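Data file: data-v7.txt. Format and content: compact mmCIF, C-alpha atoms.
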# COMPACT_ATOMS: atom_id res chain seq x y z
CA MET A 16 30.08 14.46 -23.57
CA GLY A 17 33.63 13.19 -24.30
CA TRP A 18 35.11 9.94 -23.06
CA PHE A 19 36.85 11.62 -20.13
CA GLY A 20 33.61 13.22 -18.97
CA GLN A 21 31.80 9.90 -19.28
CA LEU A 22 34.53 8.14 -17.28
CA ARG A 23 34.47 10.83 -14.61
CA ARG A 24 30.68 10.57 -14.34
CA LEU A 25 30.90 6.78 -13.99
CA VAL A 26 33.59 6.89 -11.31
CA LEU A 27 31.71 9.53 -9.30
CA SER A 28 28.43 7.61 -9.47
CA ARG A 29 27.34 5.36 -6.63
CA GLU A 30 27.69 2.18 -8.68
CA GLY A 31 30.95 3.17 -10.39
CA GLY A 32 32.55 4.37 -7.19
CA GLY A 33 31.56 1.15 -5.44
CA THR A 34 33.09 -0.93 -8.23
CA VAL A 35 36.39 0.99 -8.11
CA LEU A 36 36.46 0.69 -4.32
CA MET A 37 35.88 -3.06 -4.49
CA ALA A 38 38.58 -3.58 -7.12
CA THR A 39 41.15 -1.49 -5.24
CA CYS A 40 40.48 -3.00 -1.83
CA THR A 41 40.38 -6.54 -3.20
CA ALA A 42 43.90 -5.97 -4.49
CA VAL A 43 44.89 -4.78 -1.04
CA ALA A 44 43.32 -7.80 0.64
CA LEU A 45 44.91 -10.26 -1.81
CA GLY A 46 48.44 -9.01 -1.27
CA VAL A 47 49.46 -6.24 -3.64
CA VAL A 48 49.77 -3.62 -0.92
CA PRO A 49 50.99 -6.09 1.75
CA ASN A 50 53.94 -6.87 -0.54
CA ILE A 51 54.73 -3.18 -0.61
CA LEU A 52 54.31 -2.93 3.17
CA GLU A 53 56.99 -5.60 3.61
CA GLN A 54 59.47 -3.06 2.40
CA TRP A 55 58.47 -0.67 5.20
CA THR A 56 57.77 -2.79 8.28
CA SER A 57 57.84 -6.34 9.53
CA ARG A 58 55.31 -5.94 12.35
CA PRO A 59 52.51 -8.57 11.91
CA TRP A 60 49.75 -6.41 13.42
CA VAL A 61 50.18 -3.82 10.66
CA PHE A 62 49.40 -6.45 8.03
CA GLY A 63 46.42 -7.64 10.05
CA VAL A 64 44.98 -4.14 10.34
CA VAL A 65 45.44 -3.47 6.61
CA PHE A 66 43.86 -6.82 5.69
CA VAL A 67 40.80 -6.33 7.90
CA GLY A 68 40.37 -2.73 6.75
CA ALA A 69 40.55 -3.82 3.11
CA LEU A 70 37.89 -6.48 3.65
CA ILE A 71 35.60 -3.93 5.29
CA LEU A 72 36.07 -1.54 2.37
CA VAL A 73 35.29 -4.35 -0.09
CA LEU A 74 32.00 -4.84 1.75
CA VAL A 75 31.34 -1.08 1.61
CA GLY A 76 31.99 -1.14 -2.13
CA TRP A 77 29.53 -3.98 -2.58
CA VAL A 78 26.90 -2.05 -0.65
CA LEU A 79 27.43 0.96 -2.90
CA GLN A 80 27.16 -0.90 -6.20
CA ARG A 81 24.64 -3.61 -5.32
CA PRO A 82 21.25 -3.60 -7.07
CA ARG A 83 18.91 -1.32 -5.12
CA GLY A 84 15.62 -2.33 -6.67
CA LEU A 85 12.93 -0.36 -8.43
CA GLY A 86 10.95 2.50 -6.93
CA VAL A 87 7.57 3.20 -8.52
CA VAL A 88 5.99 6.58 -7.76
CA VAL A 89 2.28 6.48 -8.61
CA SER A 90 0.06 9.54 -8.30
CA LEU A 91 -3.53 8.85 -9.32
CA TYR A 92 -4.84 12.29 -8.45
CA PRO A 93 -6.07 14.34 -11.43
CA ALA A 94 -4.59 17.68 -12.45
CA GLU A 95 -7.22 19.67 -10.54
CA ARG A 96 -5.92 18.27 -7.25
CA THR A 97 -2.64 20.01 -6.39
CA GLN A 98 -0.24 17.25 -5.35
CA ALA A 99 3.02 18.46 -6.98
CA SER A 100 4.98 18.93 -3.74
CA ARG A 101 3.90 15.55 -2.37
CA VAL A 102 4.78 13.81 -5.65
CA GLU A 103 8.20 15.51 -5.57
CA THR A 104 8.77 14.27 -2.02
CA LEU A 105 8.01 10.69 -3.07
CA LYS A 106 10.23 10.97 -6.16
CA ASN A 107 13.16 12.23 -4.09
CA ALA A 108 12.70 9.41 -1.57
CA SER A 109 12.62 6.80 -4.32
CA ARG A 110 15.65 8.15 -6.21
CA HIS A 111 17.66 8.33 -3.00
CA THR A 112 16.87 4.71 -2.12
CA HIS A 113 16.61 2.80 -5.41
CA GLY A 114 18.72 2.28 -8.49
CA ALA A 115 15.81 3.01 -10.83
CA THR A 116 12.62 5.04 -10.42
CA LEU A 117 9.47 4.99 -12.52
CA VAL A 118 7.10 7.94 -12.14
CA VAL A 119 3.46 7.56 -13.20
CA ASP A 120 1.77 10.90 -12.52
CA ARG A 121 -1.83 11.04 -13.72
CA ALA A 122 -1.88 14.84 -13.59
CA ALA A 123 1.16 15.06 -15.89
CA LEU A 124 0.12 12.30 -18.29
CA TRP A 125 -3.51 13.40 -18.66
CA PRO A 126 -3.57 17.12 -17.68
CA GLY A 127 -7.04 17.78 -19.10
CA GLU A 128 -8.76 14.76 -17.63
CA ARG A 129 -11.83 15.15 -15.44
CA SER A 130 -11.70 14.01 -11.82
CA VAL A 131 -13.11 10.51 -11.78
CA GLN A 132 -12.25 7.71 -9.35
CA GLY A 133 -12.55 3.97 -9.70
CA HIS A 134 -11.39 3.73 -13.32
CA SER A 135 -10.12 0.17 -13.71
CA ASN A 136 -8.67 1.07 -17.13
CA LEU A 137 -6.43 3.71 -15.57
CA VAL A 138 -5.21 1.28 -12.92
CA ASP A 139 -4.56 -1.33 -15.62
CA ILE A 140 -2.40 1.15 -17.56
CA VAL A 141 -0.38 1.87 -14.42
CA ALA A 142 0.13 -1.85 -13.77
CA ARG A 143 1.26 -2.40 -17.37
CA LEU A 144 3.81 0.41 -17.08
CA VAL A 145 5.11 -1.12 -13.85
CA ASP A 146 5.37 -4.55 -15.49
CA ALA A 147 7.31 -3.11 -18.42
CA GLN A 148 9.75 -1.31 -16.13
CA ILE A 149 10.28 -4.45 -14.05
CA GLU A 150 11.12 -6.41 -17.19
CA GLU A 151 13.64 -3.73 -18.21
CA VAL A 152 15.35 -3.75 -14.81
CA ARG A 153 15.33 -7.55 -14.76
CA ALA A 154 16.90 -7.71 -18.21
CA ALA A 155 19.62 -5.23 -17.24
CA GLY A 156 20.48 -6.84 -13.92
CA GLY A 157 19.67 -10.47 -14.57
CA ALA A 158 17.74 -10.82 -11.30
CA GLU A 159 14.28 -10.21 -9.93
CA PRO A 160 14.25 -6.61 -8.63
CA GLU A 161 12.77 -5.51 -5.34
CA VAL A 162 9.78 -3.32 -6.14
CA VAL A 163 8.63 -0.54 -3.79
CA LEU A 164 5.50 1.51 -4.46
CA TYR A 165 5.17 5.16 -3.46
CA VAL A 166 1.46 5.81 -3.90
CA LEU A 167 -0.76 8.91 -3.81
CA ALA A 168 -4.37 8.11 -4.60
CA HIS A 169 -7.94 8.04 -3.42
CA LEU A 170 -8.61 4.99 -1.29
CA GLN A 171 -10.77 3.42 -3.99
CA ASP A 172 -8.05 3.81 -6.63
CA GLY A 173 -5.44 2.44 -4.22
CA PHE A 174 -7.68 -0.56 -3.53
CA LEU A 175 -8.08 -1.19 -7.28
CA LEU A 176 -4.33 -0.83 -7.84
CA GLY A 177 -3.61 -3.46 -5.19
CA ARG A 178 -6.17 -5.75 -6.78
CA ARG A 179 -4.59 -5.35 -10.22
CA LEU A 180 -1.04 -5.87 -8.94
CA ALA A 181 -2.11 -9.20 -7.44
CA ASP A 182 -2.26 -10.51 -11.02
CA ASP A 183 1.49 -9.97 -11.39
CA ALA A 184 2.99 -11.35 -8.22
CA GLN A 185 6.54 -10.14 -7.54
CA LEU A 186 9.12 -11.67 -5.24
CA SER A 187 9.18 -8.46 -3.24
CA LEU A 188 6.50 -5.77 -3.33
CA ALA A 189 6.17 -3.13 -0.62
CA VAL A 190 4.13 0.06 -0.22
CA MET A 191 5.49 3.30 1.25
CA HIS A 192 3.48 6.36 2.21
CA LEU A 193 3.70 9.89 3.56
CA SER A 194 3.49 9.92 7.34
CA GLN A 195 0.51 11.57 9.01
CA GLN A 196 2.47 12.07 12.22
CA THR A 197 5.84 13.38 11.01
CA GLY A 198 4.97 15.78 8.24
CA ARG A 199 6.34 14.92 4.82
CA SER A 200 8.60 12.01 5.80
CA VAL A 201 8.19 8.84 3.76
CA VAL A 202 7.75 5.74 5.91
CA PRO A 203 7.17 2.02 5.25
CA GLY A 204 3.49 1.13 4.93
CA VAL A 205 3.05 -2.59 4.43
CA GLU A 206 4.75 -5.37 2.48
CA LEU A 207 2.54 -7.33 0.11
CA GLY A 208 3.29 -11.02 0.47
CA SER A 209 2.03 -14.39 1.55
CA SER A 210 2.67 -13.51 5.21
CA LEU A 211 -0.46 -11.33 5.11
CA ARG A 212 -2.49 -14.54 4.78
CA SER A 213 -0.85 -16.19 7.80
CA PRO A 214 -3.35 -16.49 10.69
CA LEU A 215 -2.78 -14.10 13.56
CA SER A 216 -1.65 -15.61 16.84
CA ALA A 217 -3.62 -15.30 20.07
CA ARG A 218 -1.07 -12.77 21.31
CA GLN A 219 -1.50 -10.64 18.17
CA HIS A 220 -5.29 -10.79 18.52
CA GLY A 221 -4.93 -9.57 22.08
CA GLN A 222 -2.72 -6.67 21.01
CA LEU A 223 -5.15 -5.61 18.30
CA SER A 224 -8.20 -5.86 20.54
CA SER A 225 -7.14 -2.77 22.48
CA ARG A 226 -6.50 -0.71 19.34
CA LEU A 227 -9.55 -1.79 17.36
CA ALA A 228 -12.14 -2.17 20.11
CA ALA A 229 -12.41 -5.76 18.88
CA PRO A 230 -13.00 -8.97 20.84
CA ALA A 231 -9.79 -10.67 21.97
CA VAL A 232 -11.28 -13.97 20.77
CA GLY A 233 -13.34 -14.38 17.61
CA TRP A 234 -14.62 -11.65 15.33
CA PRO A 235 -16.83 -8.57 15.54
CA GLN A 236 -20.56 -9.31 15.59
CA LEU A 237 -22.26 -9.57 12.22
CA VAL A 238 -25.45 -7.49 12.64
CA GLU A 239 -28.41 -8.58 10.53
CA VAL A 240 -30.48 -5.81 8.91
CA PRO A 241 -34.27 -6.33 9.15
CA ASP A 242 -36.07 -7.30 5.95
CA ALA A 243 -36.92 -4.34 3.72
CA PRO A 244 -38.17 -3.83 0.16
CA GLY A 245 -35.38 -4.04 -2.40
CA GLN A 246 -32.94 -5.42 0.15
CA GLN A 247 -29.78 -6.99 -1.22
CA ARG A 248 -29.72 -9.95 1.16
CA HIS A 249 -26.55 -11.42 -0.36
CA ARG A 250 -24.58 -8.25 0.39
CA ILE A 251 -22.80 -7.56 3.66
CA ALA A 252 -21.11 -4.29 4.62
CA LEU A 253 -17.63 -4.27 6.14
CA ILE A 254 -17.20 -0.92 7.95
CA VAL A 255 -13.59 -0.10 8.88
CA ARG A 256 -12.40 3.11 10.56
CA LEU A 257 -8.64 3.35 11.17
CA ALA A 258 -8.22 7.13 11.09
CA SER A 259 -9.81 10.31 12.35
CA ALA A 260 -13.33 10.64 10.91
CA GLY A 261 -15.98 11.47 13.50
CA SER A 262 -19.22 10.39 11.77
CA MET A 263 -17.77 7.77 9.43
CA VAL A 264 -19.09 4.71 11.25
CA ASP A 265 -22.60 6.13 11.77
CA ASP A 266 -22.81 7.27 8.14
CA ALA A 267 -21.62 3.93 6.79
CA ARG A 268 -23.99 2.03 9.09
CA HIS A 269 -26.87 4.23 7.86
CA VAL A 270 -26.04 3.51 4.19
CA ALA A 271 -25.70 -0.23 4.82
CA ALA A 272 -28.96 -0.46 6.81
CA THR A 273 -31.10 1.72 4.52
CA GLY A 274 -29.48 1.63 1.09
CA GLN A 275 -29.67 5.45 1.10
CA VAL A 276 -26.62 7.69 0.84
CA THR A 277 -28.49 10.64 2.39
CA TYR A 278 -30.36 11.20 5.62
CA GLY A 279 -32.66 13.49 3.69
CA PRO A 280 -32.35 16.64 1.59
CA GLY A 281 -30.28 18.34 4.28
CA HIS A 282 -27.45 15.85 4.63
CA HIS A 283 -25.42 13.70 2.25
CA THR A 284 -23.04 11.09 3.65
CA GLY A 285 -20.64 11.50 0.74
CA TYR A 286 -20.75 7.81 -0.17
CA ARG A 287 -21.34 6.62 -3.73
CA LEU A 288 -22.81 3.15 -3.80
CA PRO A 289 -21.93 0.93 -6.76
CA PRO A 290 -25.01 -0.32 -8.66
CA ALA A 291 -26.32 -3.60 -7.32
CA ASP A 292 -27.66 -4.50 -10.74
CA PRO A 293 -27.94 -2.52 -14.00
CA THR A 294 -31.75 -2.73 -13.82
CA HIS A 295 -32.28 -2.20 -10.08
CA ALA A 296 -31.53 0.49 -7.53
CA ASN A 297 -29.54 -0.21 -4.38
CA GLY A 298 -31.31 -1.45 -1.28
CA PRO A 299 -30.16 -2.20 2.26
CA CYS A 300 -27.47 -4.79 2.83
CA GLY A 301 -28.33 -8.05 4.50
CA ALA A 302 -25.92 -7.46 7.39
CA TYR A 303 -22.94 -5.40 8.47
CA LEU A 304 -20.01 -5.53 10.87
CA VAL A 305 -17.81 -2.76 12.27
CA ILE A 306 -14.05 -2.65 12.87
CA ASP A 307 -13.27 0.61 14.63
CA ALA A 308 -9.99 2.06 15.87
CA GLY A 309 -11.77 5.12 17.21
CA ASN A 310 -11.30 8.70 16.10
CA ALA A 311 -7.49 8.51 15.91
CA TYR A 312 -4.76 7.59 13.44
CA LEU A 313 -2.77 4.39 13.65
CA PRO A 314 0.93 4.92 14.46
CA ASP A 315 3.52 4.64 11.67
CA ASP A 316 4.34 0.97 12.18
CA SER A 317 4.56 -1.36 9.17
CA THR A 318 4.28 -4.45 11.40
CA LEU A 319 1.07 -3.12 12.96
CA ASN A 320 -0.27 -2.21 9.50
CA ALA A 321 0.34 -5.77 8.33
CA GLN A 322 -1.41 -7.23 11.38
CA VAL A 323 -4.40 -4.90 10.97
CA THR A 324 -4.64 -5.82 7.27
CA THR A 325 -4.60 -9.52 8.09
CA TYR A 326 -7.22 -9.00 10.81
CA ILE A 327 -9.59 -7.17 8.44
CA TRP A 328 -9.12 -9.89 5.85
CA GLU A 329 -9.83 -12.62 8.42
CA CYS A 330 -12.97 -10.76 9.57
CA TRP A 331 -14.18 -10.54 5.98
CA GLN A 332 -13.55 -14.24 5.37
CA ALA A 333 -15.35 -15.25 8.57
CA ALA A 334 -18.30 -12.91 7.94
CA ARG A 335 -18.71 -14.09 4.37
CA GLN A 336 -18.75 -17.73 5.47
CA GLU A 337 -21.18 -17.02 8.33
CA TRP A 338 -23.58 -15.13 6.07
CA ALA A 339 -23.46 -17.77 3.36
CA GLN A 340 -24.46 -20.39 5.93
CA HIS A 341 -27.22 -18.09 7.21
CA LEU A 342 -28.67 -17.61 3.73
CA GLY A 343 -28.51 -21.31 3.05
CA ASP A 344 -28.78 -20.91 -0.72
CA THR A 345 -26.46 -20.69 -3.69
CA SER A 346 -26.28 -16.88 -3.81
CA ALA A 347 -22.70 -15.64 -3.83
CA VAL A 348 -22.04 -13.35 -0.89
CA GLU A 349 -20.76 -9.93 -1.89
CA GLY A 350 -19.16 -7.28 0.28
CA LEU A 351 -19.19 -3.49 0.39
CA LEU A 352 -16.10 -2.11 2.10
CA PHE A 353 -16.61 1.25 3.83
CA PHE A 354 -13.01 2.15 4.63
CA HIS A 355 -11.22 5.11 6.17
CA GLY A 356 -7.58 4.61 7.05
CA PRO A 357 -4.00 4.48 5.75
CA LEU A 358 -3.65 4.15 1.99
CA PRO A 359 -1.13 1.24 2.19
CA ILE A 360 -3.72 -0.85 4.04
CA ALA A 361 -6.29 -0.08 1.32
CA VAL A 362 -3.77 -1.21 -1.32
CA ALA A 363 -3.00 -4.35 0.69
CA LEU A 364 -6.69 -5.20 1.12
CA GLY A 365 -7.16 -4.89 -2.64
CA TRP A 366 -4.18 -7.20 -3.13
CA LEU A 367 -5.53 -9.74 -0.61
CA THR A 368 -9.11 -9.78 -1.91
CA ALA A 369 -8.31 -9.73 -5.63
CA ARG A 370 -10.42 -12.85 -6.18
CA ASP A 371 -13.25 -11.89 -3.81
CA ARG A 372 -16.52 -10.09 -4.47
CA LEU A 373 -15.56 -7.10 -2.35
CA THR A 374 -15.97 -3.50 -3.52
CA LEU A 375 -14.57 -0.44 -1.75
CA VAL A 376 -17.27 2.25 -1.58
CA HIS A 377 -15.87 5.62 -2.59
CA HIS A 378 -16.39 8.56 -0.26
CA ASP A 379 -16.53 12.00 -1.91
CA LEU A 380 -15.84 14.90 0.44
CA HIS A 381 -17.39 17.28 -2.08
CA LEU A 382 -20.73 15.49 -1.70
CA ALA A 383 -20.68 15.25 2.08
CA GLN A 384 -22.64 18.10 3.59
CA GLY A 385 -24.99 18.95 6.41
CA THR A 386 -25.21 17.58 9.94
CA PRO A 387 -26.62 14.08 10.45
CA PRO A 388 -29.61 13.70 12.75
CA PRO A 389 -28.85 12.47 16.28
CA VAL A 390 -28.60 8.75 16.72
CA ALA A 391 -31.80 7.29 18.16
CA GLY A 392 -31.54 6.84 21.91
CA SER A 393 -28.60 9.24 22.32
Could you spell out this file's structure in structure tokens?
Amino acid sequence: MGWFGQLRRLVLSREGGGTVLMATCTAVALGVVPNILEQWTSRPWVFGVVFVGALILVLVGWVLQRPRGLGVVVSLYPAERTQASRVETLKNASRHTHGATLVVDRAALWPGERSVQGHSNLVDIVARLVDAQIEEVRAAGGAEPEVVLYVLAHLQDGFLLGRRLADDAQLSLAVMHLSQQTGRSVVPGVELGSSLRSPLSARQHGQLSSRLAAPAVGWPQLVEVPDAPGQQRHRIALIVRLASAGSMVDDARHVAATGQVTYGPGHHTGYRLPPADPTHANGPCGAYLVIDAGNAYLPDDSTLNAQVTTYIWECWQAARQEWAQHLGDTSAVEGLLFFHGPLPIAVALGWLTARDRLTLVHHDLHLAQGTPPPVAGS
């Protein structure tokens, strides 16, 4: 491309056009054009209108050429899961909004890879690529860029990604997602920051109590599981349902109370428990608690998502402390998170609990089969 083509491309770009607009209108505001206007009219209001209009256009030029941050599109689904159209939607949203976009598509980078979730190495690679791109944008612009994540992933991988990103704290880190209510529109999910650790007010607790079937004061009851052989007394299960999934709570409660991922040969819950110890099989948890929004999706509201994330984190902290006091020994309390809900909240929970012994239990729809037996007493 010749110099004229390069110049034309620069001027027609968002940043180049904004720079030209700022330079031109600054000249107007500072007096070049007003001096010319003096030759045409002496009416003061004409000069005032031109001056104000020029200042407004300078502001518009700044908006056009200002740094617009970094968009990071991350798809952690393997090639066998068709996500191309959804990835394209996220890429278009990022490129429209941000000055730079990084795309990390697992299906494109590793097309022959088998479908496996919970690979910390994969998540670490993604985080390293994000770090490298941030450094490049920072070096080019001389300032800390705003970073926005556009994520497609299994909940477990999203949780691990949030946990890994907590090691590289950014000044601004937000998570977007595809709306469940409005088709393929991309909407704000939750912003990852210190405000997530700020205690909820009494008014916020009251607002959440109606959505989560939670007590307006205090926390959901921590239910102790009766003693059983092989029981992992130091483990507690945190069961969270924030989206439509009819049997999720009953299945998760069954796994936590029995240590079994099946009801028998005819029904598999779909859960994959992490090993309690390399030499021992899993047993029941010591206790569990349930946070349930019912069989419905949360509305697309980033403020509500942040409050729900903080509430879950507070419940986990309170339950862990209560169970540690109940055990009365030096065993470190661990948590199993049975989660069904918006992906941004899973990422945010991973980010919040990066230093905690909390593991998100993966749910595999390919394993789930059969009809669970009726609940006793129903």
With all atoms listed in the file as the basis for distance, which of A:Glu151, A:Asp265, A:Asp307, A:Glu206 is at the shortest distance from Gly356 in chain A?
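That would be A:Asp307, the residue with the smallest distance to Gly356 in chain A.
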Which one is closest to Pro289 in chain A: A:Pro203, A:Gly350, A:Pro241, A:Gly309? Count all atoms listed in the file.
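Counting all atoms listed in the file, the residue closest to Pro289 in chain A is A:Gly350.
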Using only C-alpha atoms, what table do you get, as a Markdown table, when you list each residue of range 165-243 of chain A with an atom no more than 7 Å from range 320-338 of chain A, its nearest pair of atoms, and their distance in Å rounded to one decimal, rows by chain then rising number?
| residue | atom | partner | partner_atom | distance |
| --- | --- | --- | --- | --- |
| A:Gly204 | CA | A:Asn320 | CA | 6.8 |
| A:Val205 | CA | A:Ala321 | CA | 5.7 |
| A:Leu211 | CA | A:Thr325 | CA | 5.4 |
| A:Arg212 | CA | A:Thr325 | CA | 6.4 |
| A:Trp234 | CA | A:Cys330 | CA | 6.1 |
| A:Leu237 | CA | A:Ala334 | CA | 6.7 |
Only C-alpha atoms, please: the residues just picked out, written as a short mmCIF file (atom, residue, chain, number, x, y, z; two decimals), in the coordinates of the input.
data_model
loop_
_atom_site.label_atom_id
_atom_site.label_comp_id
_atom_site.auth_asym_id
_atom_site.auth_seq_id
_atom_site.Cartn_x
_atom_site.Cartn_y
_atom_site.Cartn_z
CA GLY A 204 3.49 1.13 4.93
CA VAL A 205 3.05 -2.59 4.43
CA LEU A 211 -0.46 -11.33 5.11
CA ARG A 212 -2.49 -14.54 4.78
CA TRP A 234 -14.62 -11.65 15.33
CA LEU A 237 -22.26 -9.57 12.22
#
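Taking CA of Leu176 in chain A and CA of Thr368 in chain A as endpoints, the distance between them is 11.8 Å.
CA of Leu373 in chain A is found 15.7 Å from CA of Asn297 in chain A.
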Quick one: distance from CA of Gly261 in chain A to CA of His169 in chain A in Å, one decimal?
19.0 Å
